[in-house]
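See below for query-v5.cif, which holds mmCIF, C-alpha atoms.
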data_my_file
loop_
_atom_site.label_atom_id
_atom_site.label_comp_id
_atom_site.auth_asym_id
_atom_site.auth_seq_id
_atom_site.Cartn_x
_atom_site.Cartn_y
_atom_site.Cartn_z
CA MET Q 1 -49.20 -2.12 23.36
CA LYS Q 2 -48.00 -1.18 19.94
CA THR Q 3 -48.33 2.46 18.97
CA ARG Q 4 -47.79 3.84 15.53
CA LEU Q 5 -46.43 7.26 14.79
CA PRO Q 6 -49.00 9.41 12.93
CA ARG Q 7 -47.91 9.76 9.32
CA PRO Q 8 -47.68 13.61 9.33
CA SER Q 9 -45.45 13.52 12.42
CA ALA Q 10 -43.24 10.83 10.94
CA LEU Q 11 -42.89 12.82 7.75
CA ALA Q 12 -42.10 15.99 9.68
CA VAL Q 13 -39.41 14.21 11.70
CA ALA Q 14 -37.90 12.64 8.59
CA LEU Q 15 -37.93 15.97 6.75
CA MET Q 16 -36.36 17.89 9.60
CA ALA Q 17 -33.72 15.23 10.19
CA THR Q 18 -32.85 15.28 6.51
CA LEU Q 19 -32.66 19.05 6.28
CA TRP Q 20 -30.66 19.37 9.47
CA ALA Q 21 -28.16 16.63 8.70
CA GLN Q 22 -24.52 17.56 9.04
CA THR Q 23 -21.54 16.32 7.09
CA ALA Q 24 -20.44 12.91 8.31
CA GLY Q 25 -16.94 13.09 6.87
CA ALA Q 26 -16.53 9.42 7.64
CA HIS Q 27 -13.38 7.64 6.49
CA LEU Q 28 -12.18 10.43 4.24
CA LEU Q 29 -8.63 11.59 4.34
CA LYS Q 30 -7.72 14.24 1.86
CA GLY Q 31 -7.27 12.76 -1.59
CA GLU Q 32 -7.58 9.15 -0.52
CA ALA Q 33 -11.17 8.40 -1.46
CA SER Q 34 -10.60 9.64 -4.97
CA GLY Q 35 -7.70 7.22 -5.34
CA PHE Q 36 -9.76 4.25 -4.21
CA LEU Q 37 -12.80 5.27 -6.23
CA THR Q 38 -10.79 5.93 -9.37
CA GLY Q 39 -9.21 2.50 -9.09
CA PHE Q 40 -12.52 0.85 -8.27
CA LEU Q 41 -14.39 2.51 -11.12
CA HIS Q 42 -11.68 1.96 -13.72
CA PRO Q 43 -12.54 -1.66 -14.58
CA ILE Q 44 -16.26 -1.14 -14.05
CA PHE Q 45 -16.60 1.71 -16.56
CA GLY Q 46 -14.71 -0.11 -19.29
CA MET Q 47 -17.22 -2.44 -20.91
CA ASP Q 48 -14.47 -4.45 -22.63
CA HIS Q 49 -12.93 -5.16 -19.21
CA VAL Q 50 -16.32 -5.93 -17.67
CA LEU Q 51 -17.19 -8.49 -20.35
CA ALA Q 52 -13.95 -10.41 -19.96
CA MET Q 53 -13.95 -10.36 -16.17
CA VAL Q 54 -17.56 -11.46 -15.86
CA ALA Q 55 -16.83 -14.19 -18.42
CA VAL Q 56 -14.01 -15.48 -16.20
CA GLY Q 57 -16.53 -15.91 -13.39
CA LEU Q 58 -19.09 -17.52 -15.71
CA TRP Q 59 -16.56 -19.98 -17.04
CA GLY Q 60 -15.30 -20.81 -13.57
CA ALA Q 61 -18.84 -21.51 -12.41
CA GLN Q 62 -19.44 -23.70 -15.46
CA LEU Q 63 -16.26 -25.70 -14.84
CA GLY Q 64 -16.88 -26.08 -11.11
CA ALA Q 65 -14.23 -26.69 -8.45
CA PRO Q 66 -11.34 -25.99 -8.48
CA ALA Q 67 -11.66 -23.71 -11.54
CA ILE Q 68 -14.41 -21.70 -9.85
CA TRP Q 69 -11.82 -20.20 -7.54
CA VAL Q 70 -8.53 -20.85 -9.36
CA LEU Q 71 -9.48 -18.69 -12.35
CA PRO Q 72 -10.65 -15.67 -10.32
CA VAL Q 73 -7.50 -15.95 -8.19
CA ALA Q 74 -5.17 -16.26 -11.19
CA PHE Q 75 -6.69 -13.34 -13.07
CA PRO Q 76 -5.99 -10.50 -10.56
CA LEU Q 77 -2.48 -11.76 -9.83
CA VAL Q 78 -1.46 -11.95 -13.47
CA MET Q 79 -3.36 -8.76 -14.21
CA ALA Q 80 -1.33 -7.02 -11.51
CA THR Q 81 1.82 -8.25 -13.25
CA GLY Q 82 0.53 -6.67 -16.46
CA GLY Q 83 -0.22 -3.53 -14.48
CA VAL Q 84 3.37 -3.40 -13.25
CA LEU Q 85 4.58 -3.65 -16.85
CA GLY Q 86 2.24 -0.77 -17.69
CA PHE Q 87 3.50 1.31 -14.76
CA LEU Q 88 7.08 0.74 -15.86
CA GLY Q 89 6.31 1.71 -19.43
CA VAL Q 90 7.19 -1.72 -20.82
CA PRO Q 91 5.33 -1.87 -24.13
CA ILE Q 92 3.09 -4.79 -25.03
CA PRO Q 93 1.98 -4.80 -28.65
CA GLY Q 94 -1.72 -4.97 -29.47
CA VAL Q 95 -3.09 -4.43 -25.99
CA GLU Q 96 -6.53 -3.36 -27.26
CA TYR Q 97 -6.65 -6.36 -29.59
CA GLY Q 98 -5.71 -8.62 -26.70
CA ILE Q 99 -8.50 -7.23 -24.53
CA ALA Q 100 -11.07 -7.67 -27.29
CA ALA Q 101 -9.75 -11.16 -28.03
CA SER Q 102 -10.09 -12.03 -24.35
CA ALA Q 103 -13.82 -11.30 -24.48
CA ILE Q 104 -14.15 -13.35 -27.68
CA MET Q 105 -12.20 -16.34 -26.38
CA LEU Q 106 -13.67 -16.38 -22.89
CA GLY Q 107 -17.18 -15.78 -24.25
CA ALA Q 108 -16.68 -18.66 -26.69
CA ALA Q 109 -15.40 -20.87 -23.87
CA VAL Q 110 -18.64 -20.23 -21.97
CA ALA Q 111 -20.85 -20.51 -25.06
CA PHE Q 112 -19.34 -23.85 -26.13
CA GLU Q 113 -18.90 -24.98 -22.52
CA LEU Q 114 -15.26 -25.84 -23.18
CA ARG Q 115 -13.69 -28.03 -20.51
CA PRO Q 116 -9.91 -27.96 -20.93
CA PRO Q 117 -7.56 -29.11 -18.13
CA ILE Q 118 -7.40 -26.59 -15.30
CA VAL Q 119 -3.80 -25.68 -16.21
CA VAL Q 120 -4.83 -24.79 -19.75
CA ALA Q 121 -7.80 -22.76 -18.51
CA GLY Q 122 -5.56 -20.95 -16.03
CA LEU Q 123 -2.95 -20.20 -18.67
CA LEU Q 124 -5.59 -18.87 -21.06
CA VAL Q 125 -7.10 -16.61 -18.42
CA GLY Q 126 -3.66 -15.51 -17.24
CA PHE Q 127 -2.50 -14.74 -20.76
CA PHE Q 128 -5.40 -12.36 -21.37
CA ALA Q 129 -5.17 -10.88 -17.87
CA VAL Q 130 -1.79 -9.38 -18.82
CA PHE Q 131 -3.46 -7.20 -21.46
CA HIS Q 132 -6.12 -5.95 -19.06
CA GLY Q 133 -3.53 -5.16 -16.38
CA HIS Q 134 -1.25 -3.39 -18.83
CA ALA Q 135 -4.11 -1.18 -20.02
CA HIS Q 136 -4.94 -0.23 -16.45
CA GLY Q 137 -1.30 0.44 -15.61
CA THR Q 138 -0.73 2.77 -18.53
CA GLU Q 139 -4.06 4.58 -18.15
CA LEU Q 140 -3.51 5.46 -14.50
CA PRO Q 141 -4.39 9.12 -13.84
CA PRO Q 142 -1.51 11.15 -12.41
CA GLY Q 143 -1.56 12.14 -8.77
CA GLN Q 144 -3.71 9.31 -7.47
CA SER Q 145 -2.97 7.46 -4.26
CA ALA Q 146 -1.09 4.37 -5.44
CA LEU Q 147 -2.07 2.15 -2.58
CA LEU Q 148 -5.77 2.95 -2.59
CA TYR Q 149 -5.96 3.00 -6.37
CA SER Q 150 -4.41 -0.47 -6.49
CA MET Q 151 -6.75 -1.84 -3.87
CA GLY Q 152 -9.83 -0.36 -5.53
CA PHE Q 153 -8.76 -1.70 -8.88
CA VAL Q 154 -8.18 -5.23 -7.60
CA ILE Q 155 -11.34 -5.30 -5.48
CA ALA Q 156 -13.47 -4.15 -8.43
CA THR Q 157 -11.96 -6.89 -10.57
CA GLY Q 158 -12.74 -9.44 -7.89
CA CYS Q 159 -16.31 -8.16 -7.61
CA LEU Q 160 -16.78 -8.58 -11.37
CA HIS Q 161 -15.54 -12.16 -11.11
CA ALA Q 162 -17.91 -12.72 -8.20
CA LEU Q 163 -20.75 -11.32 -10.29
CA GLY Q 164 -19.90 -13.80 -13.04
CA ILE Q 165 -19.74 -16.66 -10.55
CA GLY Q 166 -23.06 -15.57 -9.07
CA ILE Q 167 -24.71 -15.57 -12.48
CA GLY Q 168 -22.96 -18.83 -13.33
CA THR Q 169 -24.59 -20.66 -10.43
CA VAL Q 170 -27.69 -21.01 -12.63
CA HIS Q 171 -25.68 -23.72 -14.39
CA ARG Q 172 -27.30 -26.35 -12.17
CA TRP Q 173 -30.61 -25.93 -13.98
CA SER Q 174 -31.19 -26.82 -17.63
CA TRP Q 175 -32.64 -23.39 -18.38
CA GLY Q 176 -29.63 -21.89 -16.62
CA GLN Q 177 -27.26 -23.80 -18.87
CA LYS Q 178 -29.02 -22.33 -21.88
CA LEU Q 179 -28.83 -18.89 -20.28
CA LEU Q 180 -25.09 -19.31 -19.80
CA LEU Q 181 -24.63 -20.35 -23.41
CA ALA Q 182 -26.52 -17.21 -24.45
CA SER Q 183 -24.44 -15.10 -22.07
CA GLY Q 184 -21.21 -16.50 -23.50
CA THR Q 185 -22.41 -15.72 -27.01
CA LEU Q 186 -23.23 -12.16 -25.97
CA VAL Q 187 -19.79 -11.72 -24.39
CA ALA Q 188 -18.10 -13.04 -27.53
CA ALA Q 189 -20.24 -10.74 -29.69
CA GLY Q 190 -19.20 -7.82 -27.49
CA GLY Q 191 -15.59 -8.86 -28.00
CA VAL Q 192 -16.06 -8.84 -31.77
CA PHE Q 193 -17.47 -5.32 -31.48
CA PHE Q 194 -14.49 -4.10 -29.46
CA LEU Q 195 -12.10 -5.81 -31.85
CA TRP Q 196 -13.79 -4.02 -34.73
CA LYS Q 197 -13.47 -0.72 -32.83
CA ALA Q 198 -9.78 -1.39 -32.16
CA VAL Q 199 -9.10 -2.15 -35.81
CA ALA Q 200 -11.17 0.73 -37.20
CA MET U 1 -45.49 -1.54 35.51
CA SER U 2 -44.92 -0.73 31.90
CA THR U 3 -45.56 2.74 30.59
CA VAL U 4 -46.32 3.50 26.97
CA VAL U 5 -44.79 6.65 25.56
CA SER U 6 -47.21 8.42 23.30
CA ALA U 7 -46.43 8.71 19.63
CA ARG U 8 -46.39 12.49 19.87
CA ALA U 9 -43.86 12.44 22.70
CA ARG U 10 -41.65 10.08 20.72
CA ALA U 11 -41.90 12.37 17.72
CA VAL U 12 -40.87 15.35 19.84
CA VAL U 13 -37.90 13.46 21.26
CA ALA U 14 -36.84 12.27 17.80
CA LEU U 15 -37.14 15.78 16.42
CA GLY U 16 -35.16 17.20 19.32
CA VAL U 17 -32.39 14.67 18.90
CA SER U 18 -32.28 15.30 15.15
CA LEU U 19 -32.08 19.06 15.59
CA ALA U 20 -29.48 18.87 18.32
CA CYS U 21 -27.10 16.53 16.48
CA ARG U 22 -23.61 17.78 15.76
CA PRO U 23 -21.26 16.86 12.91
CA ALA U 24 -20.11 13.29 13.33
CA ASP U 25 -16.52 13.90 12.17
CA ALA U 26 -16.16 10.16 12.29
CA HIS U 27 -12.69 8.78 11.73
CA LEU U 28 -11.08 12.15 11.11
CA ASN U 29 -7.74 12.80 12.65
CA ALA U 30 -8.73 16.39 13.37
CA THR U 31 -11.33 15.51 15.98
CA GLY U 32 -9.17 16.42 18.93
CA MET U 33 -10.48 13.34 20.67
CA GLY U 34 -7.21 12.80 22.43
CA PRO U 35 -4.04 10.88 21.69
CA ILE U 36 -5.47 7.42 22.30
CA TYR U 37 -8.09 7.94 19.60
CA ASP U 38 -5.54 9.58 17.34
CA GLY U 39 -3.48 6.41 17.52
CA LEU U 40 -6.53 4.26 16.99
CA MET U 41 -7.72 6.31 14.02
CA HIS U 42 -4.26 6.40 12.50
CA PHE U 43 -4.30 2.63 12.27
CA LEU U 44 -7.87 2.35 11.06
CA THR U 45 -7.39 4.96 8.32
CA SER U 46 -3.98 3.75 7.12
CA PRO U 47 -4.45 0.80 4.74
CA GLU U 48 -0.70 0.26 4.56
CA ASP U 49 -0.87 -0.75 8.24
CA LEU U 50 -4.40 -2.11 8.40
CA VAL U 51 -4.16 -4.60 5.54
CA PRO U 52 -0.96 -6.39 6.66
CA ALA U 53 -2.42 -6.75 10.17
CA LEU U 54 -5.61 -8.11 8.64
CA ALA U 55 -3.58 -10.52 6.52
CA VAL U 56 -1.77 -11.86 9.59
CA ALA U 57 -5.15 -12.33 11.28
CA LEU U 58 -6.55 -14.18 8.26
CA LEU U 59 -3.49 -16.40 8.04
CA ALA U 60 -3.62 -17.21 11.75
CA GLY U 61 -7.35 -17.87 11.54
CA LEU U 62 -6.91 -20.28 8.65
CA ARG U 63 -4.38 -22.27 10.67
CA GLY U 64 -6.66 -22.62 13.69
CA ALA U 65 -7.45 -21.38 17.17
CA ALA U 66 -3.98 -21.91 18.65
CA TYR U 67 -2.43 -19.78 15.90
CA GLY U 68 -5.14 -17.15 16.34
CA ARG U 69 -4.52 -16.95 20.08
CA ARG U 70 -0.81 -16.55 19.47
CA ALA U 71 -1.33 -13.81 16.86
CA ILE U 72 -3.72 -11.71 18.92
CA PHE U 73 -1.09 -11.12 21.56
CA THR U 74 2.10 -11.24 19.50
CA LEU U 75 1.13 -8.76 16.79
CA PRO U 76 -0.19 -5.91 18.97
CA GLY U 77 2.59 -6.46 21.50
CA ALA U 78 5.29 -6.33 18.85
CA TRP U 79 3.57 -3.34 17.25
CA LEU U 80 3.66 -1.44 20.55
CA LEU U 81 7.30 -2.38 21.08
CA GLY U 82 8.12 -1.25 17.55
CA ILE U 83 6.45 2.11 18.10
CA LEU U 84 8.32 2.66 21.35
CA CYS U 85 11.59 1.86 19.56
CA GLY U 86 10.74 4.23 16.71
CA LEU U 87 9.64 7.17 18.84
CA SER U 88 13.17 8.38 19.43
CA VAL U 89 13.98 8.38 15.69
CA ALA U 90 13.03 11.69 14.12
CA ALA U 91 12.87 10.80 10.44
CA ALA U 92 9.59 9.49 9.07
CA ASN U 93 9.83 6.59 6.69
CA THR U 94 6.75 5.16 5.05
CA ALA U 95 8.22 3.67 1.92
CA MET U 96 5.67 2.36 -0.57
CA LEU U 97 8.17 -0.33 -1.51
CA GLY U 98 8.08 -1.82 1.98
CA ALA U 99 4.28 -1.77 2.08
CA GLY U 100 4.13 -3.45 -1.33
CA ILE U 101 6.46 -6.23 -0.21
CA TRP U 102 4.39 -6.86 2.93
CA PHE U 103 1.19 -6.98 0.92
CA LEU U 104 2.73 -9.40 -1.56
CA VAL U 105 4.27 -11.73 1.02
CA LEU U 106 1.37 -11.83 3.48
CA GLY U 107 -1.27 -11.96 0.74
CA GLY U 108 0.66 -14.81 -0.90
CA LEU U 109 0.77 -16.73 2.38
CA VAL U 110 -2.99 -16.34 2.85
CA LEU U 111 -3.65 -17.27 -0.77
CA THR U 112 -1.63 -20.47 -0.53
CA ASP U 113 -2.99 -21.24 2.96
CA ALA U 114 0.66 -21.68 3.95
CA LYS U 115 1.20 -24.43 6.51
CA LEU U 116 3.42 -22.43 8.85
CA SER U 117 4.50 -23.87 12.17
CA LEU U 118 3.28 -22.11 15.29
CA GLY U 119 6.77 -20.76 15.88
CA ALA U 120 7.04 -19.42 12.34
CA MET U 121 3.61 -17.82 12.64
CA THR U 122 4.63 -16.16 15.89
CA ALA U 123 7.87 -14.92 14.38
CA LEU U 124 6.04 -13.55 11.35
CA ALA U 125 3.47 -11.73 13.49
CA ALA U 126 6.24 -10.30 15.63
CA LEU U 127 8.19 -9.14 12.59
CA VAL U 128 5.15 -7.48 11.00
CA GLY U 129 4.32 -5.76 14.29
CA LEU U 130 7.87 -4.58 14.95
CA VAL U 131 8.45 -3.20 11.45
CA HIS U 132 5.10 -1.45 11.10
CA GLY U 133 5.20 -0.22 14.67
CA TYR U 134 8.70 1.13 14.19
CA PHE U 135 7.71 3.15 11.13
CA ASN U 136 4.60 4.39 12.92
CA GLY U 137 6.79 5.45 15.82
CA THR U 138 9.24 7.39 13.67
CA GLY U 139 6.36 9.56 12.47
CA MET U 140 5.04 10.31 15.94
CA GLY U 141 7.92 12.04 17.66
CA LEU U 142 8.92 11.47 21.27
CA SER U 143 6.35 12.86 23.72
CA ALA U 144 4.03 11.64 26.44
CA GLN U 145 1.09 11.92 24.06
CA SER U 146 2.83 9.69 21.54
CA VAL U 147 3.10 6.92 24.10
CA VAL U 148 -0.63 7.17 24.77
CA ALA U 149 -1.31 7.20 21.01
CA ALA U 150 0.83 4.06 20.73
CA LEU U 151 -1.44 2.36 23.25
CA GLY U 152 -4.50 3.37 21.23
CA LEU U 153 -2.95 2.11 18.04
CA SER U 154 -1.94 -1.20 19.57
CA ALA U 155 -5.42 -1.59 21.02
CA ALA U 156 -6.87 -1.11 17.54
CA VAL U 157 -4.48 -3.77 16.18
CA PHE U 158 -5.58 -6.10 18.97
CA VAL U 159 -9.27 -5.61 18.27
CA LEU U 160 -8.85 -6.09 14.54
CA VAL U 161 -6.80 -9.25 14.92
CA VAL U 162 -9.19 -10.70 17.51
CA LEU U 163 -12.25 -10.09 15.35
CA ALA U 164 -10.76 -11.20 12.04
CA ALA U 165 -8.91 -14.27 13.37
CA ALA U 166 -11.92 -15.38 15.40
CA LEU U 167 -14.18 -15.03 12.38
CA VAL U 168 -11.89 -17.10 10.17
CA VAL U 169 -11.29 -19.78 12.84
CA THR U 170 -15.03 -20.45 12.94
CA LEU U 171 -15.30 -20.91 9.16
CA ARG U 172 -15.85 -24.54 8.28
CA ALA U 173 -17.52 -24.34 4.87
CA TYR U 174 -15.20 -25.00 1.94
CA TRP U 175 -16.33 -21.92 0.02
CA ALA U 176 -15.86 -19.67 3.06
CA ARG U 177 -12.23 -20.70 3.47
CA ILE U 178 -11.75 -20.24 -0.26
CA ALA U 179 -13.18 -16.73 0.07
CA VAL U 180 -10.50 -15.94 2.66
CA ARG U 181 -7.82 -17.20 0.30
CA VAL U 182 -9.28 -15.13 -2.52
CA ALA U 183 -8.98 -12.10 -0.21
CA GLY U 184 -5.32 -13.06 0.14
CA SER U 185 -4.92 -13.00 -3.63
CA TRP U 186 -6.41 -9.51 -3.71
CA ILE U 187 -3.92 -8.36 -1.08
CA ALA U 188 -1.04 -9.92 -3.01
CA ALA U 189 -2.20 -8.38 -6.30
CA SER U 190 -2.48 -4.95 -4.65
CA GLY U 191 1.05 -5.41 -3.30
CA LEU U 192 2.36 -6.30 -6.73
CA LEU U 193 0.82 -3.14 -8.18
CA MET U 194 2.26 -1.05 -5.36
CA LEU U 195 5.70 -2.49 -6.02
CA GLY U 196 5.47 -1.48 -9.67
CA TRP U 197 4.26 1.94 -8.67
CA SER U 198 7.09 2.47 -6.22
CA VAL U 199 9.67 1.40 -8.79
CA ARG U 200 8.21 3.87 -11.28
CA ALA U 201 8.15 6.66 -8.69
CA SER U 202 11.77 6.10 -7.61
#
Rewrite the structure from the file as structure tokens, please.
Amino acid sequence: MKTRLPRPSALAVALMATLWAQTAGAHLLKGEASGFLTGFLHPIFGMDHVLAMVAVGLWGAQLGAPAIWVLPVAFPLVMATGGVLGFLGVPIPGVEYGIAASAIMLGAAVAFELRPPIVVAGLLVGFFAVFHGHAHGTELPPGQSALLYSMGFVIATGCLHALGIGIGTVHRWSWGQKLLLASGTLVAAGGVFFLWKAVA
Amino acid sequence: MSTVVSARARAVVALGVSLACRPADAHLNATGMGPIYDGLMHFLTSPEDLVPALAVALLAGLRGAAYGRRAIFTLPGAWLLGILCGLSVAAANTAMLGAGIWFLVLGGLVLTDAKLSLGAMTALAALVGLVHGYFNGTGMGLSAQSVVAALGLSAAVFVLVVLAAALVVTLRAYWARIAVRVAGSWIAASGLLMLGWSVRAS
């Protein structure tokens, strides 16, 4: 026999459980969560980074295998190399321009459905990834946990690529192809905006 | 004979359990849960140890069941041996540089789905276990409790490797194996960043 809890009792239980809840303290070691979160949030809260990284996923999905996984694999690795250059204080001229240009170029690649050889696509993505990595490396807040910051930063980047790939799967439908073209145009327009901000 | 508990009784029990609950203190090292859990928690809350062990498990899983079976005994065994060797050494050494290199090498092997021989896989698992275990051991100090903590830590390594390797061995879909290799690229990229960081810090 199925019995249902009377609504007032259920509410009372839920209220009491909520009010009485204790601190879980799960997984936290002092200072560590902030390192991971700072790294994880860094790419996500920079719209210029978000546009380019999502565009990598969109373009990969448009191109299909093997680009669908080669591009998202190449980007974090080369971006990490740029990050190392940033950590070490090696200057790269025009980093902000490079980031804005990455959104323009990758957005245009999606909008025009460009299909270069995989090596060319990988080189293009890798070239722009250096600028993104360098910006992250130089903007690192002092005192953060290096290991957790790095992991959060890379995982967030991968999640943004995955988001782009997820959206890009609509490519199989004709309306989806049009949606991707519109998305690419939007990304490129965003890149123009950030380029204008960098110049101004 | 089945008995039906009334809704009111269930509500009273739920309320009692809710009111009587204590802080979870999950995963904290200050729980005082005993040395075996301290060892277990140390591993589970130390990404510099956890991720390389996970990478070995992923690599072994990608190569197949025989490799997985070899890794699940070699890695925890070597880890335990490494801890026991390190216990008598007083100085702690948890260099970021070393962790970065392990991340880079193991992540790179997973990324490329490296076709290692069974012997090479075994040697790699043993090396990872010995090195990480040794550095864990140097931070523990020689005592009876440390030996028990070492058992807890090795048990945690065993469980992680069993679960992760078994999961990957069962993956047949193309995209699923690619996802594992992408995880390898993330590990390698994190290692690269850590290397840069350690060079800057030194």
Item to check | For region 148-154 of chain Q: contacts at 7 Å, all atoms listed in the file, fewer than 5 positions along chain excluded, given as a PyMOL selection string | outcome: (chain Q and resi 32+35-40+42-43+76) or (chain U and resi 186+189-190+193-194)
Next on the checklist: From the options U:Leu62, U:Leu75, U:Ala201, U:Leu195, which residue's atoms come nearest to Phe103 (chain U), counting all atoms listed in the file?
Outcome noted: U:Leu195
Next on the checklist: Once the PyMOL selection byres ((chain U) within 9 of (chain Q)) has been evaluated on this model, what residues remain selected, and can you format them as a VMD selection string?
Outcome noted: chain U and resid 4 to 8 10 to 12 14 to 15 17 to 29 44 to 45 47 to 48 96 99 to 100 111 175 178 to 179 181 to 183 185 to 200
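All residues of protein, DNA or RNA that reach within 9 Å of Gly34 (chain U), judged by all atoms listed in the file and not counting those fewer than 6 positions away in the chain, are Gln145, Val148 and Ala149 of chain U.
Neighbours of region 121-130 of chain U closer than or equal to 8 Å, with only C-alpha atoms counted and sequence neighbours fewer than 3 positions away skipped, come out as Pro52, Ala53, Val56, Ala60, Tyr67, Arg70, Ala71, Thr74, Leu75, Pro76, Gly77, Ala78, Trp79, Leu80, Leu81, Gly82, Ile83, Leu116, Ser117, Leu118, Gly133 and Tyr134 of chain U.
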Next on the checklist: Which residues would end up in the selection if the PyMOL selection byres ((chain Q and resi 67) around 12) were applied here, given that I need the answer as an NGL selection string?
Outcome noted: (:Q and (56-66 or 68-75 or 115-123 or 125 or 165)) or (:U and (178))
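Take the candidates Q:Ala108, Q:Leu181, Q:Ala156, Q:Ala198 and check each one against Phe45 (chain Q) using all atoms listed in the file; the shortest distance goes to Q:Ala156.
Of the residues listed (U:Gly152, U:Leu50, U:Leu59, U:Val89), U:Val89 shows the shortest atom-to-atom separation from Gly139 (chain U); distances use all atoms listed in the file.
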Next on the checklist: Excluding Gln177 (chain Q) and its own-chain neighbours fewer than 6 positions away, which residues fall within 9 Å of it when counting only C-alpha atoms? Please give them as a list of chain:residue names.
Outcome noted: Q:Gln62, Q:Gly168, Q:Val170, Q:His171
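Compared by their closest atoms to Ile36 (chain U), and using all atoms listed in the file, the residues U:Val110, U:Leu151, U:Val169, U:Leu163 rank with U:Leu151 nearest.
The spacing separating CA of Asp48 (chain Q) from CA of Phe127 (chain Q) amounts to 15.9 Å.
Distance-wise, CA of Ala144 (chain U) and CA of Leu40 (chain U) end up 16.0 Å apart.
One finds CA of Ser183 (chain Q) at 20.2 Å from CA of Ala129 (chain Q).
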Next on the checklist: Report as a PyMOL selection string all protein, DNA and RNA residues lying within 10 Å of Leu167 (chain U), evaluated on only C-alpha atoms, omitting residues in the same chain fewer than 6 positions from it.
Outcome noted: chain U and resi 57-58+61-62+161
Missing atoms in region 44-58 of chain U should be modelled up to N, CA and C atoms and reported as a short mmCIF file (atom, residue, chain, number, x, y, z; two decimals), in the coordinates of the input.
data_model
loop_
_atom_site.label_atom_id
_atom_site.label_comp_id
_atom_site.auth_asym_id
_atom_site.auth_seq_id
_atom_site.Cartn_x
_atom_site.Cartn_y
_atom_site.Cartn_z
N LEU U 44 -6.67 2.72 11.81
CA LEU U 44 -7.87 2.35 11.06
C LEU U 44 -7.99 3.08 9.72
N THR U 45 -7.30 4.21 9.58
CA THR U 45 -7.39 4.96 8.32
C THR U 45 -6.11 4.84 7.49
N SER U 46 -5.22 3.94 7.87
CA SER U 46 -3.98 3.75 7.12
C SER U 46 -3.96 2.33 6.53
N PRO U 47 -4.41 2.16 5.30
CA PRO U 47 -4.45 0.80 4.74
C PRO U 47 -3.10 0.12 4.69
N GLU U 48 -2.02 0.89 4.60
CA GLU U 48 -0.70 0.26 4.56
C GLU U 48 -0.37 -0.45 5.87
N ASP U 49 -1.02 -0.05 6.97
CA ASP U 49 -0.87 -0.75 8.24
C ASP U 49 -2.00 -1.75 8.47
N LEU U 50 -3.20 -1.31 8.12
CA LEU U 50 -4.40 -2.11 8.40
C LEU U 50 -4.39 -3.45 7.65
N VAL U 51 -4.05 -3.39 6.37
CA VAL U 51 -4.16 -4.60 5.54
C VAL U 51 -3.15 -5.68 5.96
N PRO U 52 -1.87 -5.33 6.20
CA PRO U 52 -0.96 -6.39 6.66
C PRO U 52 -1.41 -7.01 7.99
N ALA U 53 -1.93 -6.18 8.90
CA ALA U 53 -2.42 -6.75 10.17
C ALA U 53 -3.61 -7.68 9.91
N LEU U 54 -4.47 -7.27 9.00
CA LEU U 54 -5.61 -8.11 8.64
C LEU U 54 -5.14 -9.42 8.02
N ALA U 55 -4.11 -9.32 7.18
CA ALA U 55 -3.58 -10.52 6.52
C ALA U 55 -3.02 -11.50 7.54
N VAL U 56 -2.31 -10.98 8.53
CA VAL U 56 -1.77 -11.86 9.59
C VAL U 56 -2.93 -12.54 10.32
N ALA U 57 -3.99 -11.77 10.58
CA ALA U 57 -5.15 -12.33 11.28
C ALA U 57 -5.81 -13.43 10.44
N LEU U 58 -5.95 -13.18 9.14
CA LEU U 58 -6.55 -14.18 8.26
C LEU U 58 -5.71 -15.45 8.23
#
